[in-house]
$ cat upload05.cif   # mmCIF, C-alpha atoms and all ligand atoms
data_coords
loop_
_atom_site.label_atom_id
_atom_site.label_comp_id
_atom_site.auth_asym_id
_atom_site.auth_seq_id
_atom_site.Cartn_x
_atom_site.Cartn_y
_atom_site.Cartn_z
CA MET M 1 -21.94 -18.42 1.76
CA PRO M 2 -18.48 -19.84 2.59
CA LEU M 3 -17.98 -21.42 5.99
CA SER M 4 -16.45 -19.21 8.59
CA PRO M 5 -12.75 -20.09 8.80
CA ALA M 6 -10.99 -20.75 12.12
CA SER M 7 -8.59 -17.91 11.47
CA LEU M 8 -8.84 -14.87 9.23
CA VAL M 9 -5.14 -14.14 9.26
CA GLU M 10 -2.38 -16.41 10.42
CA LEU M 11 1.24 -15.34 10.29
CA ARG M 12 3.92 -17.83 11.23
CA SER M 13 7.40 -16.43 11.56
CA ALA M 14 6.47 -14.02 8.79
CA SER M 15 8.87 -11.40 7.45
CA PHE M 16 8.03 -8.49 5.17
CA GLY M 17 9.89 -5.60 3.62
CA TYR M 18 11.00 -3.92 0.46
CA PRO M 19 13.51 -4.91 -2.20
CA GLY M 20 16.84 -5.28 -0.43
CA ARG M 21 15.40 -4.40 2.97
CA THR M 22 13.63 -6.52 5.58
CA VAL M 23 11.54 -4.38 7.96
CA VAL M 24 9.31 -6.87 9.80
CA THR M 25 10.81 -10.14 11.01
CA GLY M 26 9.56 -13.35 12.59
CA VAL M 27 5.99 -12.28 13.31
CA ASP M 28 3.52 -14.82 14.71
CA LEU M 29 -0.02 -13.48 14.73
CA THR M 30 -3.48 -15.00 14.43
CA VAL M 31 -6.65 -12.96 13.96
CA ARG M 32 -9.85 -14.94 14.55
CA PRO M 33 -13.44 -14.19 13.56
CA GLY M 34 -15.08 -11.65 15.87
CA GLU M 35 -11.83 -10.15 17.09
CA VAL M 36 -11.03 -6.46 16.96
CA VAL M 37 -7.25 -6.29 17.12
CA ALA M 38 -5.42 -3.00 17.64
CA LEU M 39 -1.88 -2.90 16.27
CA LEU M 40 0.18 -0.32 18.15
CA GLY M 41 3.78 0.79 17.87
CA PRO M 42 6.06 3.78 17.40
CA ASN M 43 6.46 5.52 14.05
CA GLY M 44 8.54 3.44 11.68
CA SER M 45 8.22 0.24 13.72
CA GLY M 46 6.74 -1.56 10.72
CA LYS M 47 2.97 -1.58 11.34
CA SER M 48 2.04 -0.51 7.81
CA THR M 49 4.65 -2.81 6.33
CA LEU M 50 3.05 -5.68 8.26
CA VAL M 51 -0.57 -5.02 7.30
CA ARG M 52 0.37 -4.22 3.72
CA GLY M 53 2.50 -7.35 3.68
CA LEU M 54 -0.33 -9.63 4.65
CA LEU M 55 -2.36 -8.10 1.81
CA GLY M 56 0.46 -8.76 -0.64
CA LEU M 57 1.38 -5.08 -1.03
CA THR M 58 4.88 -5.35 0.45
CA GLU M 59 7.37 -8.14 -0.15
CA HIS M 60 6.74 -11.38 1.71
CA GLN M 61 10.29 -12.34 2.64
CA GLY M 62 9.92 -15.35 4.90
CA GLY M 63 7.63 -17.52 7.01
CA GLU M 64 4.00 -18.30 6.25
CA VAL M 65 0.99 -16.08 5.58
CA LEU M 66 -2.44 -17.72 5.61
CA LEU M 67 -5.57 -15.75 4.75
CA LEU M 68 -8.82 -17.47 5.73
CA GLY M 69 -6.80 -20.67 6.00
CA THR M 70 -5.28 -20.41 2.50
CA PRO M 71 -1.63 -19.56 1.77
CA ARG M 72 -1.60 -15.96 0.56
CA GLU M 73 -0.07 -16.85 -2.80
CA GLN M 74 -3.12 -19.06 -3.50
CA PHE M 75 -5.67 -16.69 -2.01
CA HIS M 76 -7.76 -15.04 -4.69
CA GLU M 77 -10.91 -13.95 -2.82
CA HIS M 78 -9.49 -10.51 -2.28
CA THR M 79 -12.80 -8.86 -1.42
CA ARG M 80 -13.05 -11.04 1.69
CA ILE M 81 -10.40 -8.81 3.25
CA GLY M 82 -11.32 -5.12 3.07
CA TYR M 83 -8.50 -2.61 3.32
CA VAL M 84 -8.57 1.06 4.21
CA PRO M 85 -5.07 2.46 3.59
CA GLN M 86 -3.23 4.96 5.72
CA ARG M 87 -3.87 8.70 5.33
CA HIS M 88 -5.85 8.11 2.24
CA SER M 89 -8.53 10.49 1.20
CA LEU M 90 -10.14 11.09 -2.12
CA SER M 91 -8.63 13.57 -4.49
CA ALA M 92 -10.46 16.89 -4.87
CA ALA M 93 -10.48 16.09 -8.58
CA VAL M 94 -12.77 13.09 -8.08
CA ARG M 95 -16.19 13.98 -9.44
CA ALA M 96 -18.31 11.22 -8.00
CA THR M 97 -20.98 10.90 -5.35
CA VAL M 98 -20.63 8.97 -2.11
CA THR M 99 -22.89 6.25 -3.52
CA GLU M 100 -20.83 5.97 -6.71
CA ILE M 101 -17.56 5.58 -4.79
CA VAL M 102 -18.99 3.03 -2.37
CA ALA M 103 -20.54 1.09 -5.27
CA VAL M 104 -16.99 0.47 -6.55
CA GLY M 105 -16.63 -1.91 -3.59
CA ARG M 106 -19.28 -4.15 -5.20
CA LEU M 107 -17.56 -4.41 -8.59
CA PRO M 108 -15.48 -7.52 -7.83
CA HIS M 109 -18.73 -9.32 -6.94
CA ARG M 110 -20.18 -9.36 -10.43
CA PRO M 111 -19.05 -9.68 -14.01
CA TRP M 112 -18.22 -6.29 -15.54
CA TRP M 113 -21.09 -6.50 -18.01
CA ARG M 114 -23.84 -7.14 -15.44
CA PRO M 115 -25.50 -4.02 -14.04
CA ALA M 116 -25.83 -3.57 -10.28
CA SER M 117 -28.61 -5.71 -8.84
CA SER M 118 -31.05 -4.51 -6.22
CA GLU M 119 -29.00 -6.56 -3.71
CA ASP M 120 -25.85 -4.64 -4.77
CA ARG M 121 -27.72 -1.38 -4.22
CA ASP M 122 -28.97 -2.53 -0.80
CA VAL M 123 -25.45 -3.52 0.27
CA VAL M 124 -24.12 -0.11 -0.82
CA ARG M 125 -26.91 1.70 1.04
CA ALA M 126 -26.24 -0.36 4.19
CA ALA M 127 -22.49 0.32 3.98
CA ILE M 128 -23.12 4.08 3.70
CA ALA M 129 -25.52 3.94 6.65
CA ALA M 130 -22.97 1.94 8.68
CA VAL M 131 -20.51 4.82 8.45
CA GLY M 132 -23.17 7.40 9.28
CA LEU M 133 -23.32 9.10 5.89
CA ALA M 134 -26.84 8.15 4.78
CA ASP M 135 -27.82 11.80 4.56
CA ARG M 136 -24.82 12.58 2.31
CA ALA M 137 -25.22 9.62 -0.07
CA ASP M 138 -25.94 11.73 -3.15
CA GLU M 139 -23.33 14.41 -2.48
CA GLU M 140 -20.07 14.69 -4.32
CA VAL M 141 -17.22 13.32 -2.22
CA ALA M 142 -15.11 16.41 -2.95
CA ALA M 143 -17.58 18.39 -0.81
CA LEU M 144 -16.91 16.22 2.26
CA SER M 145 -14.30 16.74 4.97
CA GLY M 146 -11.22 14.51 5.21
CA GLY M 147 -12.75 12.50 8.05
CA GLN M 148 -15.98 11.99 6.12
CA GLN M 149 -13.98 10.88 3.08
CA ARG M 150 -12.21 8.36 5.30
CA ARG M 151 -15.67 7.04 6.22
CA VAL M 152 -16.55 6.79 2.52
CA LEU M 153 -13.46 4.61 2.04
CA ILE M 154 -14.47 2.42 4.98
CA ALA M 155 -17.93 2.08 3.41
CA ARG M 156 -16.35 1.14 0.07
CA ALA M 157 -14.41 -1.65 1.82
CA LEU M 158 -17.58 -2.73 3.68
CA ALA M 159 -19.53 -2.92 0.42
CA GLY M 160 -17.30 -5.85 -0.52
CA ARG M 161 -18.79 -7.67 2.51
CA PRO M 162 -15.37 -8.56 3.86
CA ASP M 163 -14.74 -11.20 6.52
CA LEU M 164 -12.04 -8.92 7.89
CA LEU M 165 -11.58 -5.17 7.69
CA VAL M 166 -7.95 -4.02 7.83
CA MET M 167 -7.58 -0.33 8.60
CA ASP M 168 -4.34 1.61 8.76
CA GLU M 169 -4.80 4.50 11.19
CA PRO M 170 -8.40 5.29 10.32
CA THR M 171 -8.57 8.12 12.85
CA ALA M 172 -5.22 9.78 12.12
CA GLY M 173 -5.06 13.20 10.58
CA VAL M 174 -8.71 14.06 11.07
CA ASP M 175 -10.16 16.57 13.51
CA GLN M 176 -11.44 15.51 16.89
CA VAL M 177 -15.13 15.60 15.95
CA ASN M 178 -14.43 13.27 13.06
CA GLN M 179 -12.19 11.08 15.22
CA LEU M 180 -15.12 10.56 17.55
CA ALA M 181 -17.41 9.87 14.60
CA LEU M 182 -14.95 7.31 13.23
CA ALA M 183 -14.64 5.67 16.64
CA ASP M 184 -18.46 5.44 16.66
CA VAL M 185 -18.40 3.80 13.25
CA LEU M 186 -15.89 1.20 14.45
CA ARG M 187 -17.96 0.64 17.60
CA ARG M 188 -21.06 -0.03 15.50
CA LEU M 189 -19.17 -2.36 13.17
CA ALA M 190 -17.76 -4.27 16.13
CA ALA M 191 -21.26 -4.56 17.64
CA ASP M 192 -22.38 -6.08 14.33
CA GLY M 193 -19.63 -8.68 14.64
CA THR M 194 -17.23 -7.22 12.04
CA SER M 195 -13.70 -8.55 12.58
CA MET M 196 -11.08 -5.83 12.38
CA LEU M 197 -7.35 -5.33 12.43
CA VAL M 198 -6.74 -1.67 13.12
CA VAL M 199 -3.41 0.12 13.15
CA THR M 200 -3.92 3.00 15.53
CA HIS M 201 -2.32 5.59 17.74
CA GLU M 202 -5.67 6.54 19.23
CA LEU M 203 -6.28 3.57 21.46
CA ASP M 204 -8.27 5.69 23.87
CA ALA M 205 -10.93 6.41 21.30
CA LEU M 206 -11.27 2.69 20.60
CA SER M 207 -10.82 1.34 24.12
CA ASP M 208 -14.30 -0.16 24.33
CA VAL M 209 -14.10 -1.72 20.87
CA VAL M 210 -10.75 -3.48 20.94
CA THR M 211 -10.68 -7.12 22.07
CA ARG M 212 -6.95 -7.63 21.67
CA ILE M 213 -3.83 -5.51 21.52
CA VAL M 214 -0.67 -6.31 19.62
CA CYS M 215 2.42 -4.10 19.89
CA MET M 216 5.16 -3.79 17.39
CA ASP M 217 8.62 -2.44 18.02
CA ALA M 218 11.51 -2.28 15.57
CA GLY M 219 9.97 -4.80 13.22
CA HIS M 220 8.91 -7.47 15.71
CA LEU M 221 5.94 -8.03 17.99
CA ASP M 222 6.70 -7.47 21.64
CA PHE M 223 3.21 -7.81 23.12
CA ASP M 224 0.06 -9.72 22.23
CA GLY M 225 -2.78 -9.95 24.72
CA SER M 226 -6.14 -8.74 25.95
CA PRO M 227 -6.74 -5.09 26.94
CA ALA M 228 -6.56 -6.18 30.60
CA GLU M 229 -3.24 -7.94 30.00
CA TYR M 230 -2.00 -4.85 28.18
CA ARG M 231 -2.80 -2.67 31.18
CA GLU M 232 -0.97 -5.15 33.38
CA HIS M 233 1.96 -5.18 30.96
CA LEU M 234 2.19 -1.40 31.13
CA ARG M 235 1.98 -1.48 34.91
CA ALA M 236 4.69 -4.15 35.12
CA HIS M 237 7.01 -2.24 32.84
CA GLY M 238 6.07 1.10 34.40
CA SER M 239 5.98 4.39 32.60
CA GLY M 240 9.51 5.03 33.86
CA SER M 241 10.88 2.30 31.65
CA GLY M 242 9.29 4.04 28.72
CA HIS M 243 7.60 0.86 27.64
CA HIS M 244 4.90 2.78 25.97
CA HIS M 245 3.96 2.07 22.45
CA ASP M 246 2.29 5.28 21.57
CA HIS M 247 4.80 7.87 22.57
CA ASP M 248 5.31 9.23 19.11
CA HIS M 249 1.89 10.80 19.03
CA PRO M 250 1.40 12.16 22.54
CA ALA M 251 -0.74 15.02 21.32
CA SER M 252 -2.83 13.08 18.88
CA SER M 253 -4.97 11.36 21.44
CA PRO M 254 -8.01 13.46 22.33
CA ALA M 255 -8.08 11.98 25.80
CA GLY M 256 -4.49 12.97 26.48
CA ARG M 257 -2.06 10.30 27.44
CA ARG M 258 -4.24 7.71 29.03
CA VAL M 259 -4.58 4.37 27.35
CA LEU M 260 -7.70 2.34 28.06
CA GLY M 261 -8.52 4.81 30.76
CA ASP M 262 -6.23 3.21 33.23
CA GLY M 263 -2.57 3.27 32.44
CA PRO M 264 0.43 5.08 33.92
CA LEU M 265 1.17 6.54 30.60
CA ASP M 266 3.31 9.57 30.52
CA PRO M 267 5.60 9.01 27.56
CA ALA M 268 9.23 8.65 28.47
CA PRO M 269 12.29 7.82 26.43
CA LYS M 270 12.39 4.24 25.39
CA ALA M 271 14.56 2.00 27.54
CA PRO M 272 17.20 -0.06 25.78
CA ARG M 273 16.30 -3.70 25.47
N1 LIG C 301 8.41 1.82 0.08
C1 LIG C 301 9.36 1.65 1.01
N2 LIG C 301 10.62 1.30 0.64
C2 LIG C 301 11.60 1.12 1.57
N3 LIG C 301 11.42 1.29 2.90
C3 LIG C 301 10.17 1.64 3.31
C4 LIG C 301 9.09 1.85 2.39
N4 LIG C 301 7.99 2.18 3.11
C5 LIG C 301 8.36 2.20 4.40
N5 LIG C 301 9.67 1.88 4.52
C6 LIG C 301 10.45 1.79 5.76
O1 LIG C 301 9.95 0.75 6.57
C7 LIG C 301 10.06 1.11 7.95
C8 LIG C 301 8.72 0.86 8.62
O2 LIG C 301 7.76 1.76 8.07
P1 LIG C 301 6.22 1.58 8.32
O3 LIG C 301 5.51 2.62 7.52
O4 LIG C 301 5.84 0.16 8.13
O5 LIG C 301 6.13 1.92 9.87
P2 LIG C 301 4.83 2.28 10.74
O6 LIG C 301 5.01 1.58 12.05
O7 LIG C 301 3.60 1.99 9.97
O8 LIG C 301 5.02 3.84 10.96
P3 LIG C 301 3.91 5.02 11.06
O9 LIG C 301 3.32 4.93 12.41
O10 LIG C 301 4.74 6.25 10.86
O11 LIG C 301 2.94 4.80 9.94
C9 LIG C 301 10.51 2.56 7.99
O12 LIG C 301 11.89 2.58 8.29
C10 LIG C 301 10.27 3.06 6.60
O13 LIG C 301 11.22 4.00 6.24
#

$ encode --input "upload05.cif" --output "structure tokens" --more "lines below"
Ligand SMILES: Nc1ncnc2c1ncn2[C@@H]1O[C@H](COP(=O)(O)OP(=O)(O)OP(=O)(O)O)[C@@H](O)[C@H]1O
Amino acid sequence: MPLSPASLVELRSASFGYPGRTVVTGVDLTVRPGEVVALLGPNGSGKSTLVRGLLGLTEHQGGEVLLLGTPREQFHEHTRIGYVPQRHSLSAAVRATVTEIVAVGRLPHRPWWRPASSEDRDVVRAAIAAVGLADRADEEVAALSGGQQRRVLIARALAGRPDLLVMDEPTAGVDQVNQLALADVLRRLAADGTSMLVVTHELDALSDVVTRIVCMDAGHLDFDGSPAEYREHLRAHGSGSGHHHDHDHPASSPAGRRVLGDGPLDPAPKAPR
């Protein structure tokens, strides 16, 4: 078992984007073991570009990216960072059971010719249980709802036994019952000590899980602190200034417009900086 690194992700003045276009600039961010970091920000501010960038899925255009202490270009232990992409569900054409899909998460852990060991099977079973789908393990994924499929994808990432789970809006686009179920899953994972970086618009649902909040606006980070500091930050800026990072999805939060149960959070137009 590798030693636990001091940081899971370390970005120093990092920039990411697409060919001919820089979207995220000069980001400094460290995610440490045990942290559950929520990444907030308006639509198009660059959240997905950032998380995909640290995974090597968008262009790294400047600064440094360290994963578990290793520069990203030299980092090859890809299963140590699990990724659940945005708005991803499984195609209706996929004819596979929950267990079969989740077992895919174990594949990088063994040579292709070696059959699954009993340990592999135990890890898969535990991952399915962790997302609350133990009773659906033998069902075809096509029979599950979108929110349940999202949980299957989280389980697939967990089956890789990652040091860090990166999730891009895990609760978006699913109904409220499934949002609550997903929040429960994240709560359980956090209680088990799983480190997470979660892009979200539904901070309310995760308020008791998150240990740190990072806000992105127009491609740069403009807040990084504890939930208590975030509340203070919102108070200091006041809802009147529109310094509210979630205003693009006012209706998507099941608990209305509160954030962390305590903020003056009626969305208002964004103030010029
Ligand atoms: N493949 C791409 N090629 C070029 N530009 C892109 C590409 N994907 C995204 N962008 C642009 O990058 C900017 C940031 O998008 P990104 O998806 O990172 O924002 P976001 O904060 O995750 O938004 P959302 O909350 O809507 O998911 C947007 O202007 C978007 O148009």

$ atom_distance --input "upload05.cif" --atom1 "CA of Val199 (chain M)" --atom2 "CA of Ala137 (chain M)"
27.2 Å

$ residues_around --input "upload05.cif" --residues "region 41-52 of chain M" --least-positions-apart "4" --cutoff "9 Å" --atoms "all atoms listed in the file" --output "number ranges by chain"
M: 15-18, 23-24, 27, 56-59, 85-86, 166-168, 197, 199-201, 214-220, 244-249

$ closest_residue --input "upload05.cif" --among "M:Pro5, M:Pro19, M:Pro108, M:Gly63" --to "ligand LIG 301 (chain C)" --atoms "only C-alpha atoms and all ligand atoms"
M:Pro19

$ atom_distance --input "upload05.cif" --atom1 "CA of Asp224 (chain M)" --atom2 "CA of Glu35 (chain M)"
13.0 Å

$ closest_residue --input "upload05.cif" --among "M:Leu67, M:Leu8, M:Gly146, M:Val198" --to "ligand LIG 301 (chain C)" --atoms "only C-alpha atoms and all ligand atoms"
M:Val198

$ build_atoms --input "upload05.cif" --residues "region 168-202 of chain M" --atoms "N, CA and C atoms" --output "PDB file, in the coordinates of the input"
ATOM      1  N   ASP M 168      -5.624   1.051   8.351  1.00  0.00           N
ATOM      2  CA  ASP M 168      -4.340   1.610   8.760  1.00  0.00           C
ATOM      3  C   ASP M 168      -4.565   3.047   9.238  1.00  0.00           C
ATOM      4  N   GLU M 169      -4.584   3.205  10.546  1.00  0.00           N
ATOM      5  CA  GLU M 169      -4.800   4.500  11.190  1.00  0.00           C
ATOM      6  C   GLU M 169      -6.024   5.245  10.653  1.00  0.00           C
ATOM      7  N   PRO M 170      -7.200   4.655  10.853  1.00  0.00           N
ATOM      8  CA  PRO M 170      -8.400   5.290  10.320  1.00  0.00           C
ATOM      9  C   PRO M 170      -8.707   6.640  10.961  1.00  0.00           C
ATOM     10  N   THR M 171      -8.220   6.860  12.181  1.00  0.00           N
ATOM     11  CA  THR M 171      -8.570   8.120  12.850  1.00  0.00           C
ATOM     12  C   THR M 171      -7.459   9.159  12.792  1.00  0.00           C
ATOM     13  N   ALA M 172      -6.338   8.827  12.138  1.00  0.00           N
ATOM     14  CA  ALA M 172      -5.220   9.780  12.120  1.00  0.00           C
ATOM     15  C   ALA M 172      -5.470  10.909  11.124  1.00  0.00           C
ATOM     16  N   GLY M 173      -5.013  12.079  11.502  1.00  0.00           N
ATOM     17  CA  GLY M 173      -5.060  13.200  10.580  1.00  0.00           C
ATOM     18  C   GLY M 173      -6.444  13.781  10.344  1.00  0.00           C
ATOM     19  N   VAL M 174      -7.394  13.423  11.194  1.00  0.00           N
ATOM     20  CA  VAL M 174      -8.710  14.060  11.070  1.00  0.00           C
ATOM     21  C   VAL M 174      -9.013  14.784  12.383  1.00  0.00           C
ATOM     22  N   ASP M 175      -9.902  15.782  12.308  1.00  0.00           N
ATOM     23  CA  ASP M 175     -10.160  16.570  13.510  1.00  0.00           C
ATOM     24  C   ASP M 175     -10.881  15.731  14.558  1.00  0.00           C
ATOM     25  N   GLN M 176     -10.954  16.314  15.770  1.00  0.00           N
ATOM     26  CA  GLN M 176     -11.440  15.510  16.890  1.00  0.00           C
ATOM     27  C   GLN M 176     -12.900  15.089  16.726  1.00  0.00           C
ATOM     28  N   VAL M 177     -13.717  15.963  16.151  1.00  0.00           N
ATOM     29  CA  VAL M 177     -15.130  15.600  15.950  1.00  0.00           C
ATOM     30  C   VAL M 177     -15.208  14.375  15.049  1.00  0.00           C
ATOM     31  N   ASN M 178     -14.410  14.408  13.979  1.00  0.00           N
ATOM     32  CA  ASN M 178     -14.430  13.270  13.060  1.00  0.00           C
ATOM     33  C   ASN M 178     -13.774  12.033  13.642  1.00  0.00           C
ATOM     34  N   GLN M 179     -12.785  12.246  14.526  1.00  0.00           N
ATOM     35  CA  GLN M 179     -12.190  11.080  15.220  1.00  0.00           C
ATOM     36  C   GLN M 179     -13.254  10.367  16.036  1.00  0.00           C
ATOM     37  N   LEU M 180     -14.067  11.166  16.730  1.00  0.00           N
ATOM     38  CA  LEU M 180     -15.120  10.560  17.550  1.00  0.00           C
ATOM     39  C   LEU M 180     -16.135   9.862  16.666  1.00  0.00           C
ATOM     40  N   ALA M 181     -16.455  10.488  15.527  1.00  0.00           N
ATOM     41  CA  ALA M 181     -17.410   9.870  14.600  1.00  0.00           C
ATOM     42  C   ALA M 181     -16.860   8.550  14.063  1.00  0.00           C
ATOM     43  N   LEU M 182     -15.564   8.544  13.740  1.00  0.00           N
ATOM     44  CA  LEU M 182     -14.950   7.310  13.230  1.00  0.00           C
ATOM     45  C   LEU M 182     -14.930   6.227  14.308  1.00  0.00           C
ATOM     46  N   ALA M 183     -14.638   6.639  15.538  1.00  0.00           N
ATOM     47  CA  ALA M 183     -14.640   5.670  16.640  1.00  0.00           C
ATOM     48  C   ALA M 183     -16.046   5.071  16.783  1.00  0.00           C
ATOM     49  N   ASP M 184     -17.069   5.918  16.604  1.00  0.00           N
ATOM     50  CA  ASP M 184     -18.460   5.440  16.660  1.00  0.00           C
ATOM     51  C   ASP M 184     -18.743   4.427  15.571  1.00  0.00           C
ATOM     52  N   VAL M 185     -18.213   4.718  14.374  1.00  0.00           N
ATOM     53  CA  VAL M 185     -18.400   3.800  13.250  1.00  0.00           C
ATOM     54  C   VAL M 185     -17.792   2.443  13.587  1.00  0.00           C
ATOM     55  N   LEU M 186     -16.561   2.462  14.113  1.00  0.00           N
ATOM     56  CA  LEU M 186     -15.890   1.200  14.450  1.00  0.00           C
ATOM     57  C   LEU M 186     -16.644   0.460  15.553  1.00  0.00           C
ATOM     58  N   ARG M 187     -17.193   1.238  16.492  1.00  0.00           N
ATOM     59  CA  ARG M 187     -17.960   0.640  17.600  1.00  0.00           C
ATOM     60  C   ARG M 187     -19.188  -0.093  17.045  1.00  0.00           C
ATOM     61  N   ARG M 188     -19.868   0.571  16.097  1.00  0.00           N
ATOM     62  CA  ARG M 188     -21.060  -0.030  15.500  1.00  0.00           C
ATOM     63  C   ARG M 188     -20.701  -1.287  14.698  1.00  0.00           C
ATOM     64  N   LEU M 189     -19.599  -1.192  13.957  1.00  0.00           N
ATOM     65  CA  LEU M 189     -19.170  -2.360  13.170  1.00  0.00           C
ATOM     66  C   LEU M 189     -18.829  -3.526  14.093  1.00  0.00           C
ATOM     67  N   ALA M 190     -18.140  -3.208  15.190  1.00  0.00           N
ATOM     68  CA  ALA M 190     -17.760  -4.270  16.130  1.00  0.00           C
ATOM     69  C   ALA M 190     -19.019  -4.891  16.734  1.00  0.00           C
ATOM     70  N   ALA M 191     -20.015  -4.041  17.057  1.00  0.00           N
ATOM     71  CA  ALA M 191     -21.260  -4.560  17.640  1.00  0.00           C
ATOM     72  C   ALA M 191     -21.969  -5.480  16.649  1.00  0.00           C
ATOM     73  N   ASP M 192     -21.784  -5.221  15.357  1.00  0.00           N
ATOM     74  CA  ASP M 192     -22.380  -6.080  14.330  1.00  0.00           C
ATOM     75  C   ASP M 192     -21.550  -7.327  14.060  1.00  0.00           C
ATOM     76  N   GLY M 193     -20.439  -7.472  14.786  1.00  0.00           N
ATOM     77  CA  GLY M 193     -19.630  -8.680  14.640  1.00  0.00           C
ATOM     78  C   GLY M 193     -18.566  -8.592  13.562  1.00  0.00           C
ATOM     79  N   THR M 194     -18.272  -7.367  13.064  1.00  0.00           N
ATOM     80  CA  THR M 194     -17.230  -7.220  12.040  1.00  0.00           C
ATOM     81  C   THR M 194     -15.857  -7.441  12.678  1.00  0.00           C
ATOM     82  N   SER M 195     -15.060  -8.325  12.091  1.00  0.00           N
ATOM     83  CA  SER M 195     -13.700  -8.550  12.580  1.00  0.00           C
ATOM     84  C   SER M 195     -12.808  -7.459  12.009  1.00  0.00           C
ATOM     85  N   MET M 196     -11.913  -6.943  12.839  1.00  0.00           N
ATOM     86  CA  MET M 196     -11.080  -5.830  12.380  1.00  0.00           C
ATOM     87  C   MET M 196      -9.650  -5.947  12.887  1.00  0.00           C
ATOM     88  N   LEU M 197      -8.742  -5.521  12.041  1.00  0.00           N
ATOM     89  CA  LEU M 197      -7.350  -5.330  12.430  1.00  0.00           C
ATOM     90  C   LEU M 197      -7.058  -3.865  12.167  1.00  0.00           C
ATOM     91  N   VAL M 198      -6.811  -3.119  13.236  1.00  0.00           N
ATOM     92  CA  VAL M 198      -6.740  -1.670  13.120  1.00  0.00           C
ATOM     93  C   VAL M 198      -5.390  -1.165  13.612  1.00  0.00           C
ATOM     94  N   VAL M 199      -4.625  -0.565  12.723  1.00  0.00           N
ATOM     95  CA  VAL M 199      -3.410   0.120  13.150  1.00  0.00           C
ATOM     96  C   VAL M 199      -3.864   1.453  13.730  1.00  0.00           C
ATOM     97  N   THR M 200      -3.433   1.754  14.940  1.00  0.00           N
ATOM     98  CA  THR M 200      -3.920   3.000  15.530  1.00  0.00           C
ATOM     99  C   THR M 200      -2.934   3.597  16.525  1.00  0.00           C
ATOM    100  N   HIS M 201      -3.001   4.901  16.647  1.00  0.00           N
ATOM    101  CA  HIS M 201      -2.320   5.590  17.740  1.00  0.00           C
ATOM    102  C   HIS M 201      -3.346   6.092  18.747  1.00  0.00           C
ATOM    103  N   GLU M 202      -4.617   5.995  18.373  1.00  0.00           N
ATOM    104  CA  GLU M 202      -5.670   6.540  19.230  1.00  0.00           C
ATOM    105  C   GLU M 202      -6.405   5.432  19.965  1.00  0.00           C
TER     106      GLU M 202
END
